[in-house]
There are 2 protein chains.
Amino acid sequence: MTELSRSTEDYLKAIYGLGRSGEPVPTGALADALAIAPASVSGMVRRLAETDLIAHEPYRGVQLTDAGRRAALRVIRRHRILETYLVKVLAWDWDSVHAEAERLEHAASDLLVARMADALGNPAFDPHGAPIPTVDGEIEEQELVPLTELGVGGTGEFRLVSDDDAERLRYIASIGFRVGTRFELVEVTPFRGPLTVLRRELGASPQLIGYELAQSLLCLPCTLEPAA
Amino acid sequence: MTELSRSTEDYLKAIYGLGRSGEPVPTGALADALAIAPASVSGMVRRLAETDLIAHEPYRGVQLTDAGRRAALRVIRRHRILETYLVKVLAWDWDSVHAEAERLEHAASDLLVARMADALGNPAFDPHGAPIPTVDGEIEEQELVPLTELGVGGTGEFRLVSDDDAERLRYIASIGFRVGTRFELVEVTPFRGPLTVLRRELGASPQLIGYELAQSLLCLPCTLEPAA
DNA sequence: AGTCAAGATTAGGTATGACTAAGACATTAT
DNA sequence: ATAATGTCTTAGTCATACCTAATCTTGACT
């Protein structure tokens, strides 16, 4: 198995992210995700299909082969272990690790990642709540719903947010939200306006959250026991 | 100042390493150091000269400009901080860090390197004894001599060895040599044969060292006080 | 001074991976 | 069924950075 290029790894990672539904990923969606012209993606897709990392049905989309999925999960594991290490050991902020990990994931060896994982106690989730694939390529997919779908009176625990928007992450942290924060959705204004969320852990006053933001907060619905 | 390519950084680093004497570096020497065909170096050298990172006198050689030297020292700082971090914090062996640092040095941001340096207490030397340039591009050049030049009865301290040959580093460690080891050169056989070295710190029996190897061990001549 | 060898450069070619412009396909609307 | 629309692909170009083969410089030796 020869070394994969940086570009190849980025494509595989993006295809994995966009293809979790099982549907083929249109090359246009890939182009958007990678910020690359659609025509360039067509060319690259041909090369990736030739090396059997993806299957391409022209005009339909691409899907990872087993080899492609394994490679993608290796990159994702590297990324998430690196993020976790930077946050936990080097006191990096959760909103700025993404860009650094994005570059390091292509340079760090499996051995380095293994050492970091050991130092961290082999964590199962990264700082944003995303599951970290195991060395064998197992990944635990969680059944999470956007905060917006909990409905008035719904209760849940904030579990996962995408790591790619530093601005958003900074804001989430600034309003006191952390992975694991449990809350009740107290009020929903009509027309996709702000939602009011009451955080139980803090016993704090209700918190207003915009609809767009709330959609990005993936939660595990659960009943709230009285705080321990 | 735009981002430099991986290749560019490798060239600058190599030119810095080969040009410390002040003499222009022949492109052929560069080609050897980078394991690249001489013709390819000519092409790259033209590009580097166009961006004023190096000065090129055709058929004479290349020299770093101030901008080139600054860039080279930034890469070297990254490399050496990374090596030190891997060894000190992640328990890496001193003989295997080079390859890893060689890749990470192009991906790690100055911020990451700063965090690692802080965690290490801003060390002045890497695990192989090489001085680590400061953020401002200051580097402390040491006046060291190969062990072979100490002469019979000479005494010194092992201070520096190149990090690029894992085999050699493994052997050096296996015979109990560490950066800082102090010794007396007891005997030299003629015709570049083995040298006999007596290590004072260990109070150990004399150690035979081959001439080639001894040439790579750079030492600080010093008198040996009775061990503390 | 003329010749020769070593070393450096130029010339021409390849691979990767991006771009724009133009053409092909599929879907949806008439 | 056909036309319009949007998406996808093909064609042709460019930049980077490598290669081999051929040519040119330099310096040393006769």
# chains A, B, ... in the order shown; residues from 1 in each chain; ligands from 1
call {"tool": "residues_around", "arguments": {"residues": "stretch 21-27 of chain D", "least_positions_apart": "4", "cutoff": "12 Å", "atoms": "only C-alpha atoms (C1' of nucleotides)", "output": "PDB file with C-alpha atoms (C1' of nucleotides), in the first residue's frame"}}
result
ATOM      1  CA  ALA B  39      19.448  18.986 -13.149  1.00  0.00           C
ATOM      2  CA  PRO B  58      26.028  30.048 -11.976  1.00  0.00           C
ATOM      3  CA  TYR B  59      28.696  27.361 -11.859  1.00  0.00           C
ATOM      4  CA  ARG B  60      29.800  28.620  -8.405  1.00  0.00           C
TER       5      ARG B  60
ATOM      6  C1'  DT C   3      42.379  19.624 -24.521  1.00  0.00           C
ATOM      7  C1'  DC C   4      39.765  17.032 -21.273  1.00  0.00           C
ATOM      8  C1'  DA C   5      37.008  15.715 -17.331  1.00  0.00           C
ATOM      9  C1'  DA C   6      33.985  17.074 -13.802  1.00  0.00           C
ATOM     10  C1'  DG C   7      30.407  19.511 -12.710  1.00  0.00           C
ATOM     11  C1'  DA C   8      26.407  22.714 -13.916  1.00  0.00           C
ATOM     12  C1'  DT C   9      22.952  24.079 -16.897  1.00  0.00           C
ATOM     13  C1'  DT C  10      19.466  23.892 -20.514  1.00  0.00           C
ATOM     14  C1'  DA C  11      16.047  21.319 -23.141  1.00  0.00           C
ATOM     15  C1'  DG C  12      12.380  18.389 -23.265  1.00  0.00           C
ATOM     16  C1'  DG C  13       9.315  15.177 -20.876  1.00  0.00           C
TER      17       DG C  13
END
call {"tool": "interface_residues", "arguments": {"of": "chain A", "to": "chain B", "cutoff": "10 Å", "atoms": "only C-alpha atoms", "output": "list in words"}}
result
Leu86, Val89, Leu90, Ala91, Trp92, Val97, Ala99, Glu100, Ala101, Glu102, Arg103, Leu104, Glu105, His106, Ala107, Ala108, Ser109, Leu111, Leu112, Arg115, Met116, Asp118 and Ala119 of chain A
call {"tool": "write_last_selection", "arguments": {"atoms": "C-alpha atoms", "output": "mmCIF file, in the first residue's frame"}}
result
data_model
loop_
_atom_site.group_PDB
_atom_site.id
_atom_site.type_symbol
_atom_site.label_atom_id
_atom_site.label_comp_id
_atom_site.auth_asym_id
_atom_site.auth_seq_id
_atom_site.Cartn_x
_atom_site.Cartn_y
_atom_site.Cartn_z
ATOM 1 C CA LEU A 86 -3.835 19.538 21.401
ATOM 2 C CA VAL A 89 -2.290 18.190 26.694
ATOM 3 C CA LEU A 90 -1.255 21.460 25.094
ATOM 4 C CA ALA A 91 -4.186 23.540 26.397
ATOM 5 C CA TRP A 92 -5.312 24.510 22.909
ATOM 6 C CA VAL A 97 -7.517 23.052 16.838
ATOM 7 C CA ALA A 99 -6.968 24.011 11.230
ATOM 8 C CA GLU A 100 -3.841 22.690 12.943
ATOM 9 C CA ALA A 101 -5.096 19.102 12.943
ATOM 10 C CA GLU A 102 -6.107 19.504 9.317
ATOM 11 C CA ARG A 103 -2.450 19.932 8.396
ATOM 12 C CA LEU A 104 -0.884 17.570 10.909
ATOM 13 C CA GLU A 105 -3.189 14.675 9.998
ATOM 14 C CA HIS A 106 -1.294 14.269 6.723
ATOM 15 C CA ALA A 107 2.137 14.296 8.327
ATOM 16 C CA ALA A 108 1.698 12.407 11.588
ATOM 17 C CA SER A 109 2.611 8.728 11.482
ATOM 18 C CA LEU A 111 3.042 5.487 15.523
ATOM 19 C CA LEU A 112 2.878 9.093 16.700
ATOM 20 C CA ARG A 115 1.615 7.379 21.326
ATOM 21 C CA MET A 116 -0.694 10.355 21.663
ATOM 22 C CA ASP A 118 -1.972 6.173 24.778
ATOM 23 C CA ALA A 119 -1.024 9.372 26.567
#
call {"tool": "closest_atom_pairs", "arguments": {"of": "chain A", "to": "chain C", "cutoff": "8 Å", "atoms": "only C-alpha atoms (C1' of nucleotides)", "output": "CSV"}}
result
residue,atom,partner,partner_atom,distance
A:Ala37,CA,C:DC19,C1',7.6
A:Ser40,CA,C:DA18,C1',6.6
A:Met44,CA,C:DG17,C1',7.6
A:Tyr59,CA,C:DC25,C1',7.5
call {"tool": "interface_residues", "arguments": {"of": "chain D", "to": "chain A", "cutoff": "10 Å", "atoms": "only C-alpha atoms (C1' of nucleotides)", "output": "list in words"}}
result
DT7, DC8, DT9 and DT10 of chain D
call {"tool": "write_last_selection", "arguments": {"atoms": "C-alpha atoms (C1' of nucleotides)", "output": "short mmCIF file (atom, residue, chain, number, x, y, z; two decimals), in the first residue's frame"}}
result
data_model
loop_
_atom_site.label_atom_id
_atom_site.label_comp_id
_atom_site.auth_asym_id
_atom_site.auth_seq_id
_atom_site.Cartn_x
_atom_site.Cartn_y
_atom_site.Cartn_z
"C1'" DT D 7 -25.26 19.31 -12.97
"C1'" DC D 8 -21.37 16.56 -14.57
"C1'" DT D 9 -17.64 15.63 -17.62
"C1'" DT D 10 -14.20 16.44 -21.24
#
call {"tool": "atom_distance", "arguments": {"atom1": "atom CA of B:Pro131", "atom2": "atom CA of B:Gly156"}}
result
18.5 Å
call {"tool": "atom_distance", "arguments": {"atom1": "atom CA of A:Tyr11", "atom2": "atom CA of A:His56"}}
result
13.2 Å
call {"tool": "select_by_dssp", "arguments": {"residues": "stretch 12-222 of chain B", "states": "helix (DSSP H, G or I)", "output": "MDAnalysis selection string"}}
result
chainID B and resid 12:18 27:34 38:50 66:88 97:104 110:120 147:149 166:174 211:216
call {"tool": "atom_distance", "arguments": {"atom1": "atom CA of B:Arg178", "atom2": "atom CA of B:Arg159"}}
result
8.4 Å
call {"tool": "select_by_dssp", "arguments": {"residues": "stretch 137-188 of chain A", "states": "strand (DSSP E)", "output": "list in words"}}
result
Val145, Pro146, Thr155, Gly156, Glu157, Phe158, Arg159, Leu160, Arg182, Phe183, Glu184, Leu185, Val186, Glu187 and Val188 of chain A
call {"tool": "write_last_selection", "arguments": {"atoms": "N, CA, C and O atoms", "output": "PDB file, in the first residue's frame"}}
result
ATOM      1  N   VAL A 145     -29.841  13.920  17.564  1.00  0.00           N
ATOM      2  CA  VAL A 145     -30.777  14.788  16.854  1.00  0.00           C
ATOM      3  C   VAL A 145     -30.406  16.237  17.119  1.00  0.00           C
ATOM      4  O   VAL A 145     -29.882  16.574  18.182  1.00  0.00           O
ATOM      5  N   PRO A 146     -30.688  17.114  16.140  1.00  0.00           N
ATOM      6  CA  PRO A 146     -30.432  18.533  16.366  1.00  0.00           C
ATOM      7  C   PRO A 146     -31.283  19.033  17.524  1.00  0.00           C
ATOM      8  O   PRO A 146     -32.417  18.551  17.712  1.00  0.00           O
ATOM      9  N   THR A 155     -35.939  17.341  26.655  1.00  0.00           N
ATOM     10  CA  THR A 155     -34.711  17.420  27.442  1.00  0.00           C
ATOM     11  C   THR A 155     -33.644  16.577  26.765  1.00  0.00           C
ATOM     12  O   THR A 155     -33.947  15.566  26.136  1.00  0.00           O
ATOM     13  N   GLY A 156     -32.429  17.015  26.901  1.00  0.00           N
ATOM     14  CA  GLY A 156     -31.362  16.265  26.252  1.00  0.00           C
ATOM     15  C   GLY A 156     -29.991  16.686  26.721  1.00  0.00           C
ATOM     16  O   GLY A 156     -29.831  17.523  27.621  1.00  0.00           O
ATOM     17  N   GLU A 157     -29.005  16.064  26.102  1.00  0.00           N
ATOM     18  CA  GLU A 157     -27.615  16.345  26.456  1.00  0.00           C
ATOM     19  C   GLU A 157     -26.887  16.728  25.178  1.00  0.00           C
ATOM     20  O   GLU A 157     -26.963  16.009  24.179  1.00  0.00           O
ATOM     21  N   PHE A 158     -26.174  17.848  25.198  1.00  0.00           N
ATOM     22  CA  PHE A 158     -25.385  18.298  24.049  1.00  0.00           C
ATOM     23  C   PHE A 158     -24.202  17.351  23.878  1.00  0.00           C
ATOM     24  O   PHE A 158     -23.400  17.204  24.783  1.00  0.00           O
ATOM     25  N   ARG A 159     -24.130  16.709  22.696  1.00  0.00           N
ATOM     26  CA  ARG A 159     -23.119  15.666  22.519  1.00  0.00           C
ATOM     27  C   ARG A 159     -22.092  15.947  21.426  1.00  0.00           C
ATOM     28  O   ARG A 159     -20.982  15.423  21.447  1.00  0.00           O
ATOM     29  N   LEU A 160     -22.486  16.704  20.370  1.00  0.00           N
ATOM     30  CA  LEU A 160     -21.606  16.787  19.197  1.00  0.00           C
ATOM     31  C   LEU A 160     -21.855  18.048  18.403  1.00  0.00           C
ATOM     32  O   LEU A 160     -22.997  18.464  18.215  1.00  0.00           O
ATOM     33  N   ARG A 182     -26.342  19.323  29.947  1.00  0.00           N
ATOM     34  CA  ARG A 182     -27.717  18.819  29.863  1.00  0.00           C
ATOM     35  C   ARG A 182     -28.675  19.984  30.054  1.00  0.00           C
ATOM     36  O   ARG A 182     -28.392  20.922  30.797  1.00  0.00           O
ATOM     37  N   PHE A 183     -29.783  19.898  29.384  1.00  0.00           N
ATOM     38  CA  PHE A 183     -30.676  21.069  29.352  1.00  0.00           C
ATOM     39  C   PHE A 183     -32.113  20.670  29.059  1.00  0.00           C
ATOM     40  O   PHE A 183     -32.392  19.526  28.656  1.00  0.00           O
ATOM     41  N   GLU A 184     -33.003  21.620  29.268  1.00  0.00           N
ATOM     42  CA  GLU A 184     -34.392  21.459  28.858  1.00  0.00           C
ATOM     43  C   GLU A 184     -34.715  22.559  27.875  1.00  0.00           C
ATOM     44  O   GLU A 184     -34.299  23.712  28.064  1.00  0.00           O
ATOM     45  N   LEU A 185     -35.437  22.224  26.817  1.00  0.00           N
ATOM     46  CA  LEU A 185     -35.836  23.224  25.840  1.00  0.00           C
ATOM     47  C   LEU A 185     -37.156  23.812  26.337  1.00  0.00           C
ATOM     48  O   LEU A 185     -38.203  23.138  26.319  1.00  0.00           O
ATOM     49  N   VAL A 186     -37.114  25.041  26.796  1.00  0.00           N
ATOM     50  CA  VAL A 186     -38.250  25.617  27.516  1.00  0.00           C
ATOM     51  C   VAL A 186     -39.246  26.269  26.573  1.00  0.00           C
ATOM     52  O   VAL A 186     -40.448  26.194  26.769  1.00  0.00           O
ATOM     53  N   GLU A 187     -38.711  26.906  25.533  1.00  0.00           N
ATOM     54  CA  GLU A 187     -39.623  27.681  24.707  1.00  0.00           C
ATOM     55  C   GLU A 187     -39.091  27.750  23.288  1.00  0.00           C
ATOM     56  O   GLU A 187     -37.896  27.798  23.052  1.00  0.00           O
ATOM     57  N   VAL A 188     -39.985  27.730  22.334  1.00  0.00           N
ATOM     58  CA  VAL A 188     -39.603  27.844  20.933  1.00  0.00           C
ATOM     59  C   VAL A 188     -40.468  28.928  20.298  1.00  0.00           C
ATOM     60  O   VAL A 188     -41.689  28.811  20.291  1.00  0.00           O
TER      61      VAL A 188
END
call {"tool": "closest_residue", "arguments": {"among": "B:Ile175, B:Ala114, B:Leu220, B:Ala14", "to": "B:Ser205", "atoms": "only C-alpha atoms"}}
result
B:Ile175
call {"tool": "residues_around", "arguments": {"residues": "stretch 121-127 of chain A", "least_positions_apart": "2", "cutoff": "12 Å", "atoms": "only C-alpha atoms (C1' of nucleotides)", "output": "PyMOL selection string"}}
result
chain A and resi 76-89+91-98+101+113-119+129-135+138-142+159-163+169+173+178-180
call {"tool": "residues_around", "arguments": {"residues": "B:Tyr16", "least_positions_apart": "6", "cutoff": "8 Å", "atoms": "only C-alpha atoms (C1' of nucleotides)", "output": "PDB file with N, CA and C atoms, in the first residue's frame"}}
result
ATOM      1  N   LEU B  64      22.361  31.565   0.975  1.00  0.00           N
ATOM      2  CA  LEU B  64      21.089  32.071   1.485  1.00  0.00           C
ATOM      3  C   LEU B  64      21.121  33.590   1.578  1.00  0.00           C
ATOM      4  N   ARG B  69      17.806  32.740   5.037  1.00  0.00           N
ATOM      5  CA  ARG B  69      18.373  32.240   6.289  1.00  0.00           C
ATOM      6  C   ARG B  69      17.316  32.250   7.392  1.00  0.00           C
ATOM      7  N   ALA B  72      15.060  29.347   6.771  1.00  0.00           N
ATOM      8  CA  ALA B  72      15.733  28.081   7.093  1.00  0.00           C
ATOM      9  C   ALA B  72      15.763  27.868   8.603  1.00  0.00           C
TER      10      ALA B  72
END
call {"tool": "residues_around", "arguments": {"residues": "B:Leu208", "least_positions_apart": "6", "cutoff": "9 Å", "atoms": "only C-alpha atoms (C1' of nucleotides)", "output": "list in words"}}
result
Pro194, Leu195, Thr196, Val197 and Leu198 of chain B
